[in-house]
Every structure is written in structure tokens, then in C-alpha cells.
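File shown here: target-v6.cif, holding mmCIF, C-alpha atoms.
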```
data_my_file
#
loop_
_atom_site.label_atom_id
_atom_site.label_comp_id
_atom_site.auth_asym_id
_atom_site.auth_seq_id
_atom_site.Cartn_x
_atom_site.Cartn_y
_atom_site.Cartn_z
CA MET T 188 0.00 0.00 0.00
CA ALA T 189 2.59 2.49 1.10
CA HIS T 190 4.54 2.08 -2.10
CA THR T 191 1.54 2.63 -4.34
CA THR T 192 -0.01 5.68 -2.61
CA HIS T 193 2.97 8.01 -2.40
CA THR T 194 2.75 8.82 -6.11
CA ASP T 195 -0.56 10.57 -5.44
CA ALA T 196 0.44 14.22 -5.91
CA ALA T 197 -1.87 15.89 -3.41
CA ASN T 198 -1.10 13.19 -0.80
CA ILE T 199 -4.76 12.86 0.03
CA THR T 200 -4.83 9.11 0.60
CA ASN T 201 -1.63 8.98 2.61
CA PRO T 202 -0.40 12.40 3.69
CA GLU T 203 2.60 11.02 5.61
CA HIS T 204 4.26 9.89 2.41
CA ALA T 205 4.66 13.18 0.58
CA GLU T 206 6.74 13.09 -2.57
CA HIS T 207 10.12 14.79 -2.58
CA HIS T 208 9.94 17.94 -4.72
CA ILE T 209 13.26 19.38 -5.91
CA VAL T 210 13.36 23.17 -6.31
CA THR T 211 15.52 24.07 -9.34
CA PRO T 212 18.59 26.35 -9.20
CA LEU T 213 16.84 28.76 -11.61
CA GLN T 214 14.04 29.24 -9.07
CA TYR T 215 16.67 29.91 -6.39
CA VAL T 216 18.30 32.51 -8.65
CA PHE T 217 14.95 34.31 -9.09
CA VAL T 218 14.34 34.27 -5.32
CA PHE T 219 17.89 35.51 -4.67
CA LEU T 220 17.56 38.41 -7.15
CA THR T 221 14.12 39.34 -5.75
CA LEU T 222 15.59 39.43 -2.23
CA LEU T 223 18.47 41.67 -3.36
CA VAL T 224 16.15 44.04 -5.27
CA PHE T 225 13.80 44.41 -2.30
CA THR T 226 16.76 44.99 0.04
CA GLY T 227 17.71 47.88 -2.27
CA ILE T 228 14.14 49.21 -2.26
CA THR T 229 13.84 49.09 1.53
CA VAL T 230 17.18 50.90 1.99
CA GLY T 231 16.20 53.55 -0.59
CA ALA T 232 12.80 54.06 1.03
CA ALA T 233 14.45 54.61 4.43
CA TYR T 234 16.22 57.75 3.15
CA ILE T 235 12.94 59.36 2.01
CA ASP T 236 10.77 61.00 4.67
CA LEU T 237 7.39 59.28 4.30
CA LYS T 238 6.16 60.13 7.85
CA TRP T 239 4.24 57.21 9.42
CA ALA T 240 4.61 55.14 6.24
CA ASN T 241 8.38 54.56 6.70
CA PRO T 242 8.08 51.74 9.27
CA VAL T 243 4.99 50.33 7.53
CA ILE T 244 6.82 50.03 4.17
CA ALA T 245 9.99 48.65 5.80
CA LEU T 246 8.05 45.96 7.69
CA ALA T 247 5.85 45.11 4.68
CA ILE T 248 8.99 44.52 2.58
CA ALA T 249 10.56 42.46 5.40
CA CYS T 250 7.41 40.31 5.60
CA PHE T 251 7.37 39.83 1.81
CA LYS T 252 11.04 38.78 1.84
CA ALA T 253 10.45 36.40 4.75
CA VAL T 254 7.49 34.81 2.94
CA ILE T 255 9.45 34.09 -0.25
CA VAL T 256 12.36 32.69 1.80
CA ILE T 257 9.94 30.38 3.65
CA LEU T 258 8.07 29.33 0.50
CA PHE T 259 11.05 28.67 -1.82
CA PHE T 260 14.37 28.54 0.06
CA MET T 261 12.70 26.54 2.83
CA HIS T 262 10.49 24.57 0.40
CA ALA T 263 7.29 25.27 2.36
CA ALA T 264 5.37 25.71 -0.91
CA TYR T 265 6.08 22.08 -1.81
CA GLN T 266 5.52 20.42 1.57
CA SER T 267 2.57 18.33 2.72
CA LYS T 268 -0.51 19.97 4.18
CA LEU T 269 0.57 18.82 7.65
CA ILE T 270 3.79 20.86 7.49
CA LYS T 271 2.10 23.86 5.84
CA ILE T 272 -0.52 23.98 8.60
CA THR T 273 2.16 23.54 11.28
CA ILE T 274 4.10 26.54 9.94
CA ALA T 275 0.96 28.67 9.59
CA SER T 276 -0.27 27.79 13.09
CA GLY T 277 3.11 28.70 14.57
CA PHE T 278 2.96 32.19 13.08
CA PHE T 279 -0.68 32.50 14.09
CA ILE T 280 0.13 31.67 17.73
CA PHE T 281 3.02 34.15 17.61
CA LEU T 282 0.60 36.90 16.48
CA VAL T 283 -1.85 35.91 19.23
CA LEU T 284 0.91 36.19 21.86
CA ILE T 285 1.99 39.61 20.55
CA SER T 286 -1.52 41.02 20.40
CA MET T 287 -2.58 39.64 23.81
CA THR T 288 0.53 41.14 25.43
CA LEU T 289 -0.10 44.44 23.62
CA THR T 290 -3.69 44.59 24.89
CA ASP T 291 -2.24 44.40 28.41
CA TYR T 292 0.23 47.26 27.91
CA LEU T 293 -2.22 49.39 25.92
CA SER T 294 -4.95 49.07 28.54
CA ARG T 295 -2.84 49.84 31.63
CA ALA T 296 -3.53 53.56 31.37
CA TRP T 297 -7.14 52.98 30.29
CA GLY T 298 -9.38 56.00 31.14
CA MET T 299 -6.48 58.08 32.46
CA TRP T 300 -6.17 60.30 29.40
CA MET N 253 -14.44 -16.61 2.24
CA ASP N 254 -12.12 -17.16 -0.67
CA ASN N 255 -11.85 -13.44 -1.00
CA ALA N 256 -11.05 -13.02 2.66
CA ILE N 257 -8.24 -15.54 2.50
CA ALA N 258 -6.88 -13.94 -0.65
CA THR N 259 -6.89 -10.53 1.06
CA VAL N 260 -5.07 -11.85 4.08
CA GLN N 261 -2.45 -13.43 1.89
CA GLU N 262 -2.06 -10.28 -0.18
CA HIS N 263 -1.78 -8.20 2.96
CA GLY N 264 0.77 -10.61 4.38
CA ALA N 265 2.85 -10.44 1.23
CA ASP N 266 2.61 -6.64 1.20
CA LEU N 267 3.68 -6.42 4.83
CA HIS N 268 6.64 -8.57 4.05
CA ALA N 269 7.60 -6.34 1.13
CA ALA N 270 7.25 -3.21 3.26
CA HIS N 271 9.32 -4.68 6.07
CA GLU N 272 12.32 -5.76 4.08
CA HIS N 273 15.52 -5.27 6.00
CA VAL N 274 16.73 -1.82 5.11
CA ALA N 275 19.62 -0.12 6.86
CA LEU N 276 19.94 3.07 4.84
CA PRO N 277 20.35 6.31 6.78
CA GLN N 278 17.51 7.78 4.69
CA HIS N 279 15.30 4.79 5.50
CA ARG N 280 15.64 3.48 9.04
CA HIS N 281 13.76 0.31 9.84
CA HIS N 282 11.11 2.02 11.99
CA PHE N 283 9.81 4.04 9.00
CA GLU N 284 7.56 2.56 6.32
CA THR N 285 9.08 4.55 3.46
CA GLU N 286 11.84 7.08 2.82
CA GLU N 287 9.17 9.71 2.25
CA GLN N 288 7.69 9.07 5.68
CA GLN N 289 11.08 9.46 7.35
CA ARG N 290 11.68 12.71 5.43
CA GLU N 291 8.28 14.05 6.42
CA ALA N 292 8.84 13.19 10.09
CA GLY N 293 12.27 14.88 10.02
CA SER N 294 11.02 18.06 8.34
CA PHE N 295 8.07 18.20 10.73
CA GLY N 296 10.38 17.97 13.75
CA MET N 297 12.72 20.61 12.34
CA TRP N 298 9.82 23.01 11.77
CA LEU N 299 8.58 22.49 15.34
CA PHE N 300 12.06 23.43 16.58
CA LEU N 301 12.10 26.52 14.36
CA LEU N 302 8.69 27.57 15.72
CA THR N 303 10.11 27.53 19.26
CA GLU N 304 12.93 29.71 17.91
CA ILE N 305 10.37 32.16 16.50
CA MET N 306 8.83 32.40 19.99
CA PHE N 307 12.31 32.94 21.49
CA PHE N 308 13.23 35.80 19.15
CA GLY N 309 9.61 37.01 19.27
CA GLY N 310 9.98 37.94 22.94
CA MET N 311 12.85 40.27 22.09
CA PHE N 312 11.01 41.73 19.09
CA PHE N 313 8.09 42.46 21.41
CA ALA N 314 10.35 44.16 23.95
CA TYR N 315 11.71 46.32 21.12
CA LEU N 316 8.20 47.26 19.95
CA LEU N 317 7.14 48.24 23.46
CA TYR N 318 10.22 50.21 24.53
CA ARG N 319 10.39 51.97 21.16
CA ASN N 320 6.90 53.32 21.91
CA TRP N 321 7.80 54.28 25.49
CA TYR N 322 11.16 55.97 24.79
CA TYR N 323 10.56 57.02 21.19
CA PRO N 324 12.98 60.03 21.03
CA ALA N 325 15.82 58.02 22.58
CA PHE N 326 15.23 55.09 20.22
CA ALA N 327 15.16 57.35 17.15
CA VAL N 328 18.45 59.09 18.01
CA ALA N 329 20.25 55.93 19.15
CA SER N 330 19.12 54.00 16.06
CA ASN N 331 20.59 56.71 13.81
CA GLN N 332 24.00 55.85 15.30
CA LEU N 333 23.96 52.61 13.34
CA SER N 334 25.46 52.56 9.85
CA VAL N 335 22.85 51.84 7.16
CA PRO N 336 25.50 51.01 4.50
CA LEU N 337 27.09 48.38 6.79
CA GLY N 338 23.69 46.96 7.70
CA ALA N 339 22.61 46.85 4.04
CA ALA N 340 25.91 45.20 3.02
CA ASN N 341 25.43 42.61 5.75
CA THR N 342 21.89 41.93 4.54
CA ALA N 343 23.21 41.28 1.01
CA ILE N 344 26.00 39.06 2.42
CA LEU N 345 23.55 37.01 4.44
CA ILE N 346 21.11 36.63 1.52
CA THR N 347 24.03 35.43 -0.63
CA SER N 348 24.99 32.93 2.08
CA GLY N 349 21.38 31.68 2.14
CA PHE N 350 21.38 31.40 -1.67
CA CYS N 351 24.54 29.25 -1.55
CA MET N 352 22.90 27.07 1.12
CA ALA N 353 19.80 26.64 -1.06
CA LEU N 354 22.02 25.58 -3.99
CA GLY N 355 23.79 23.19 -1.61
CA VAL N 356 20.46 21.51 -0.79
CA TRP N 357 19.84 21.14 -4.53
CA ALA N 358 23.35 19.69 -5.06
CA SER N 359 22.69 17.12 -2.34
CA GLU N 360 19.31 16.20 -3.87
CA VAL N 361 20.78 15.69 -7.35
CA GLN N 362 23.87 14.04 -5.82
CA LYS N 363 26.63 16.38 -7.04
CA LYS N 364 29.28 15.99 -4.36
CA GLY N 365 31.84 18.56 -5.51
CA PHE N 366 29.21 21.27 -5.98
CA LEU N 367 27.68 20.50 -2.55
CA VAL N 368 31.06 20.87 -0.82
CA LEU N 369 31.74 24.11 -2.74
CA MET N 370 28.35 25.56 -1.76
CA LEU N 371 28.80 24.62 1.91
CA VAL N 372 32.22 26.30 1.92
CA LEU N 373 30.76 29.45 0.29
CA THR N 374 27.88 29.45 2.80
CA THR N 375 30.47 29.34 5.60
CA LEU N 376 32.60 32.09 4.06
CA PHE N 377 29.66 34.48 3.61
CA GLY N 378 28.56 33.67 7.16
CA LEU N 379 32.03 34.56 8.45
CA ALA N 380 31.99 37.78 6.37
CA PHE N 381 28.71 38.73 8.04
CA LEU N 382 30.24 38.19 11.49
CA GLY N 383 33.30 40.21 10.43
CA VAL N 384 31.17 43.24 9.52
CA LYS N 385 29.25 42.80 12.78
CA THR N 386 32.57 42.87 14.67
CA VAL N 387 33.47 46.20 13.03
CA GLU N 388 30.10 47.61 14.09
CA TYR N 389 30.41 46.31 17.67
CA HIS N 390 33.94 47.68 17.92
CA GLU N 391 32.74 51.18 16.97
CA LYS N 392 30.09 51.02 19.73
CA TRP N 393 32.81 49.94 22.20
CA GLU N 394 35.02 52.90 21.27
CA LYS N 395 32.14 55.38 21.56
CA HIS N 396 31.11 53.99 24.99
CA HIS N 397 27.73 53.02 23.57
CA ILE N 398 27.63 49.64 25.31
CA PRO N 399 25.07 49.80 28.14
CA GLY N 400 26.54 49.74 31.62
CA ALA N 401 28.69 51.78 33.99
CA SER N 402 30.86 53.39 31.29
CA PHE N 403 27.98 54.31 28.97
CA ASN N 404 28.39 57.85 27.61
CA ILE N 405 25.30 59.95 26.86
CA SER N 406 27.13 63.11 25.72
CA GLU N 407 26.51 62.41 22.03
CA PHE N 408 22.77 62.40 22.74
CA THR N 409 22.61 65.41 25.09
CA ASN N 410 24.94 67.51 22.91
CA PRO N 411 24.66 66.20 19.32
CA ALA N 412 25.84 69.52 17.81
CA GLY N 413 29.17 69.12 19.63
CA PHE N 414 29.72 65.89 17.66
CA GLY N 415 28.63 67.35 14.33
CA LEU N 416 25.25 65.52 14.43
CA LYS N 417 22.04 67.15 13.24
CA GLU N 418 19.86 65.45 15.87
CA GLU N 419 17.65 67.23 18.41
CA PRO N 420 19.40 67.20 21.82
CA LEU N 421 17.76 64.94 24.41
CA ALA N 422 17.16 65.78 28.08
CA PRO N 423 19.59 63.78 30.30
CA ASP N 424 16.87 61.41 31.60
CA MET N 425 15.67 60.57 28.06
CA ALA N 426 19.30 60.34 26.87
CA GLN N 427 19.85 57.60 29.48
CA LYS N 428 17.09 55.60 27.78
CA THR N 429 19.31 55.21 24.70
CA GLN N 430 20.88 52.46 26.83
CA VAL N 431 17.62 50.51 26.46
CA PHE N 432 17.97 50.73 22.68
CA PHE N 433 21.60 49.60 22.76
CA PHE N 434 20.78 46.84 25.24
CA LEU N 435 18.13 45.48 22.85
CA TYR N 436 20.44 46.03 19.87
CA PHE N 437 23.18 43.92 21.47
CA ALA N 438 20.73 41.32 22.80
CA MET N 439 19.00 40.82 19.45
CA THR N 440 21.99 41.03 17.09
CA GLY N 441 24.08 39.10 19.66
CA MET N 442 21.59 36.20 19.86
CA HIS N 443 21.41 36.29 16.06
CA ALA N 444 25.22 36.20 15.83
CA LEU N 445 25.32 33.31 18.34
CA HIS N 446 22.92 31.37 16.10
CA MET N 447 25.26 32.06 13.18
CA ILE N 448 28.34 30.92 15.14
CA ILE N 449 26.55 27.67 16.04
CA GLY N 450 25.51 27.34 12.39
CA ILE N 451 29.08 27.84 11.17
CA GLY N 452 30.25 25.18 13.63
CA LEU N 453 27.66 22.79 12.17
CA LEU N 454 28.73 23.79 8.64
CA PHE N 455 32.32 22.65 9.32
CA TRP N 456 31.01 19.26 10.42
CA LEU N 457 28.56 19.02 7.47
CA THR N 458 31.28 20.03 4.98
CA HIS N 459 33.53 17.29 6.37
CA ARG N 460 30.78 14.68 6.02
CA ALA N 461 29.74 15.99 2.59
CA HIS N 462 33.36 15.65 1.45
CA ARG N 463 33.26 12.03 2.67
CA GLY N 464 30.20 11.52 0.41
CA ASP N 465 27.59 11.03 3.14
CA PHE N 466 25.00 13.36 1.61
CA THR N 467 25.22 12.59 -2.12
CA ALA N 468 23.93 9.01 -2.14
CA GLY N 469 20.28 9.65 -1.28
CA TYR N 470 20.64 10.82 2.33
CA VAL N 471 19.72 14.52 2.17
CA ALA N 472 18.05 15.13 5.54
CA PRO N 473 20.97 16.70 7.49
CA ILE N 474 21.68 19.15 4.64
CA GLU N 475 18.01 19.94 4.19
CA ASN N 476 17.31 20.45 7.89
CA PHE N 477 20.44 22.53 8.37
CA GLY N 478 19.26 24.58 5.35
CA LEU N 479 15.99 25.23 7.18
CA TYR N 480 17.94 26.43 10.23
CA TRP N 481 20.24 28.67 8.17
CA HIS N 482 17.30 30.25 6.29
CA PHE N 483 15.54 30.81 9.60
CA VAL N 484 18.58 32.74 10.87
CA ASP N 485 18.41 34.77 7.61
CA ILE N 486 14.76 35.61 8.25
CA VAL N 487 15.53 36.89 11.75
CA TRP N 488 18.06 39.29 10.21
CA LEU N 489 15.56 40.34 7.50
CA PHE N 490 13.47 41.76 10.38
CA LEU N 491 16.33 43.00 12.57
CA PHE N 492 17.77 45.13 9.76
CA PRO N 493 14.71 47.36 9.12
CA LEU N 494 13.71 47.51 12.80
CA LEU N 495 17.13 48.48 14.17
CA TYR N 496 18.65 50.42 11.24
CA LEU N 497 15.91 51.78 8.99
CA ILE N 498 12.59 52.69 10.60
CA ASN N 499 13.86 55.46 12.88
CA ARG N 500 15.47 57.71 10.26
CA HIS N 501 12.55 60.16 10.12
CA PRO N 502 11.06 60.35 13.63
CA LEU N 503 7.58 61.86 13.99
CA HIS N 504 7.40 65.01 16.09
#
```
Just give me the structure as C-alpha cells.
Amino acid sequence: MAHTTHTDAANITNPEHAEHHIVTPLQYVFVFLTLLVFTGITVGAAYIDLKWANPVIALAIACFKAVIVILFFMHAAYQSKLIKITIASGFFIFLVLISMTLTDYLSRAWGMW
Amino acid sequence: MDNAIATVQEHGADLHAAHEHVALPQHRHHFETEEQQREAGSFGMWLFLLTEIMFFGGMFFAYLLYRNWYYPAFAVASNQLSVPLGAANTAILITSGFCMALGVWASEVQKKGFLVLMLVLTTLFGLAFLGVKTVEYHEKWEKHHIPGASFNISEFTNPAGFGLKEEPLAPDMAQKTQVFFFLYFAMTGMHALHMIIGIGLLFWLTHRAHRGDFTAGYVAPIENFGLYWHFVDIVWLFLFPLLYLINRHPLH
């Protein structure tokens, strides 16, 4: 059984036996160049005064770069659903922890303004 | 009943086929298939990396909070960092990650020489990153910008005297620049420690790759180390904008 089901591309019948996908060097080159270009953009944007938008743009670019590193350098795009959900749930719990802690600090001076 | 017997026999034969004696590193006997072992390994590695995200996340949160509390001090102290050095280090680290990614590919397609070359390049770019970081740390040491008893706030209370165009800070707010530098050293220092550990592992992996351990179907150590190395990259992708870039134009 095991040897016949792991050719099923979506791994629906046997998700533990995901096929090994090889990311090509050309894909890595595209990811590498994208990362370098966006590093340039984020540095350039830091020298322009965009008021409140400076940190927003810098963090948006950092998130975009992190996502393509995770998807392609770390092969997350080609992993089984189990691993994809594990990664997503980890980031989700991280955001929950940050926002719950922030609600504490933001509400300490509640009503005192 | 005939069917039932046939099924049992088929199942028995299949079990036998699946439990052949295999002693490959990429297929230990307690896994049904190589794919299952790979999946289990990747899953475990990702769980470890998620705990690392929580670990660095605590420091990122501290930075977020104190930057809001001591905003003027954080803006001025952050402008002490060199954007060109930080940007160069970002490019160096991305290049190191690119070499690592190519190394994973070399291991998958079983090209031994190319794998060893890529691991060596990954190590060299990692060392270059640490070298630039040393230059930056040394400058902070010379300026007495390392938090503690010998910390010097004069550059923040009297920026004009040092040829800086910053607004001078009151002495109590100027002391809070120590909080920025404390977080700067804690975050970049933990990141650098992860890189030093990674470079140590790279020496060992390069040695084993040279021996041919990872170019005969056994890819897991290279792949899982790749995940670790890319994770360390991602931490820097956030440290760079947060520490170097977002405080250039403080709101008044």
C-alpha cells in the first residue's frame, strides 16, 4: 500500500508519504535576485521622509522577503498539508501572543487620558 | 471466504515487502518509506524553528514596546547605526542563504563537488557577516555606547558638539538610549550566536559531505540545516529594518 499511494500528488490518501519535490537552481536565482532588489528598495525608502509610512513600508517589505524565503528557500510551498498547517499555526500563535501582550500594555492607562 | 483468505495473503505479502531489511540512513527500519522518514524529520525541524520564533519574538516584542515608550531616545540611538554596513550585511547574508539553497539542490541531485563548494561558500559568507558585525560592535565599544557603567550619553545630550544634526535629548531621556543599545546587542548578539553555532555545524557538514555522506540519497541533514540557516536569515531580514531603517525620520 505504502509504495503505491505516495505517487498521489496531493497526498490525500496517505499524507505522511509526501513526494520529494526538488526546487531548481533557476528558481533559487529568481528568489535571490528578488531578495536583493527588495533589500535595495527598503534601503532607498528609508532615506525618504514618508512620515508614518516609513516603518509600515519597511516591515511590509521584510514580511514579503520572509514569505518568499519560507516558500522557496525553505520549500514550504512544496511540503505536505501537515507541514504547511504547522508553519501557519506557529505564526498565528506568535501573532496571538503579541496582540494579547499588547492589549495588556495598551490598557494599563485605560481611562487616564 | 475465498476473497477473505486472498486478502489476508495479499496483505501478508505486502507487509513482508514493506518490512524488508533496510539499513539506509535515509530509511531506518522504523519508517515505512523514505518519504515518511523525510516528512517526520522536516516536521520535527519546523517544530524546533517555531520555538525559535517564539524565542526571538519575545525580544522583538520588547523592542516594539520600549520603542513606543522611549521614542525620542530610540530614534536618536538608532541613527548611530550605519545603514550602508547593515545593508551590506543583509546582502551578504542573503548570498549565504542562496549558496545554502544551492547546496540543498546539489545534495538532492547528488553532485558531491558542488555540494562541498556551496557549503564552503555558505560558511565564508557567514564569516563575512560576522566580520562586519565585529566592526560595528567595535565602533560602539570605542564610543562607549555599550550599556553599563561606562555608557556615555554626551553624544545624545549635545549632538551639535559631535557634528550631528539630531535634536538634543534631556539627560533622563538620553539615558534611555541604553535601552535601545541593550536590545540592539541582545537581538543582534543572539542572532550572531545562532550564526556561530551554524558555522560550527557547517564545518562538520562540509567534512561529512566531502566524505560523500549526503550525495547518495541521504539529504536530511543538509536539508534540515538549510531550514535552520534560512531561519537565521529571516531573523536578520526583520532585525535590519527595525534596528537600522525605521527610525530615520522620527515623527514630532
Worksheet, complete the sentence: The distance between CA of Asn476 (chain N) and CA of Thr347 (chain N) is 18.5 Å
Item to complete: Could you tell me which residues the PyMOL selection byres ((chain T) within 8 of (chain N)) returns for this structure, as a PyMOL selection string?
Response: chain T and resi 188-190+193+203-207+209-212+215-216+219+222-223+226+229-230+233-234+236-239+241-242+245-246+249-250+252-253+256-257+260-261+270+273-274+277-278+281+285
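The gap separating CA of Leu333 (chain N) from CA of Phe381 (chain N) is 15.6 Å, in Å to one decimal.
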Fill in: Contacts of Ala329 (chain N) within 12 Å, only C-alpha atoms, excl. fewer than 2 positions in-chain, as an MDAnalysis selection string
chainID N and resid 319 322:327 331:334 392 397:399 404:409 411 416 418:421 425:436 495:500 502
Would you compute the box with edges along x, y and z of the file around region 209-219 of chain T, including every atom the file lists for it and 4 Å extra on each side, and give its centre and edge lengths in Å to one decimal, as AutoDock Vina command-line options?
```
--center_x 15.9 --center_y 27.4 --center_z -8.1 --size_x 13.3 --size_y 24.1 --size_z 14.9
```
Item to complete: Would you write out, as a VMD selection string, every residue that the PyMOL selection byres ((chain N and resi 447) around 12) captures in this file?
Response: chain N and resid 345 348 to 349 374 to 383 385 440 to 446 448 to 454 477 480 to 485 487 to 488
Write the residues of the preceding selection, restricted to C-alpha atoms, as a compact mmCIF listing (two decimals), in the coordinates of the input.
```
# COMPACT_ATOMS: atom_id res chain seq x y z
CA LEU N 345 23.55 37.01 4.44
CA SER N 348 24.99 32.93 2.08
CA GLY N 349 21.38 31.68 2.14
CA THR N 374 27.88 29.45 2.80
CA THR N 375 30.47 29.34 5.60
CA LEU N 376 32.60 32.09 4.06
CA PHE N 377 29.66 34.48 3.61
CA GLY N 378 28.56 33.67 7.16
CA LEU N 379 32.03 34.56 8.45
CA ALA N 380 31.99 37.78 6.37
CA PHE N 381 28.71 38.73 8.04
CA LEU N 382 30.24 38.19 11.49
CA GLY N 383 33.30 40.21 10.43
CA LYS N 385 29.25 42.80 12.78
CA THR N 440 21.99 41.03 17.09
CA GLY N 441 24.08 39.10 19.66
CA MET N 442 21.59 36.20 19.86
CA HIS N 443 21.41 36.29 16.06
CA ALA N 444 25.22 36.20 15.83
CA LEU N 445 25.32 33.31 18.34
CA HIS N 446 22.92 31.37 16.10
CA ILE N 448 28.34 30.92 15.14
CA ILE N 449 26.55 27.67 16.04
CA GLY N 450 25.51 27.34 12.39
CA ILE N 451 29.08 27.84 11.17
CA GLY N 452 30.25 25.18 13.63
CA LEU N 453 27.66 22.79 12.17
CA LEU N 454 28.73 23.79 8.64
CA PHE N 477 20.44 22.53 8.37
CA TYR N 480 17.94 26.43 10.23
CA TRP N 481 20.24 28.67 8.17
CA HIS N 482 17.30 30.25 6.29
CA PHE N 483 15.54 30.81 9.60
CA VAL N 484 18.58 32.74 10.87
CA ASP N 485 18.41 34.77 7.61
CA VAL N 487 15.53 36.89 11.75
CA TRP N 488 18.06 39.29 10.21
```
Practice prompt. List the residues selected by the PyMOL selection byres ((chain N and resi 460) around 12) in the file shown, writing them as a ChimeraX atom specification.
Written response: /N:359,364,367-368,371,453-459,461-467,470-471,473-474
Those same residues - C-alpha atoms - I'd like them written as a short mmCIF file (atom, residue, chain, number, x, y, z; two decimals), in the coordinates of the input.
```cif
data_model
loop_
_atom_site.label_atom_id
_atom_site.label_comp_id
_atom_site.auth_asym_id
_atom_site.auth_seq_id
_atom_site.Cartn_x
_atom_site.Cartn_y
_atom_site.Cartn_z
CA SER N 359 22.69 17.12 -2.34
CA LYS N 364 29.28 15.99 -4.36
CA LEU N 367 27.68 20.50 -2.55
CA VAL N 368 31.06 20.87 -0.82
CA LEU N 371 28.80 24.62 1.91
CA LEU N 453 27.66 22.79 12.17
CA LEU N 454 28.73 23.79 8.64
CA PHE N 455 32.32 22.65 9.32
CA TRP N 456 31.01 19.26 10.42
CA LEU N 457 28.56 19.02 7.47
CA THR N 458 31.28 20.03 4.98
CA HIS N 459 33.53 17.29 6.37
CA ALA N 461 29.74 15.99 2.59
CA HIS N 462 33.36 15.65 1.45
CA ARG N 463 33.26 12.03 2.67
CA GLY N 464 30.20 11.52 0.41
CA ASP N 465 27.59 11.03 3.14
CA PHE N 466 25.00 13.36 1.61
CA THR N 467 25.22 12.59 -2.12
CA TYR N 470 20.64 10.82 2.33
CA VAL N 471 19.72 14.52 2.17
CA PRO N 473 20.97 16.70 7.49
CA ILE N 474 21.68 19.15 4.64
#
```
Worksheet, complete the sentence: Here CA of Val254 (chain T) and CA of Asp291 (chain T) stand apart by 28.9 Å
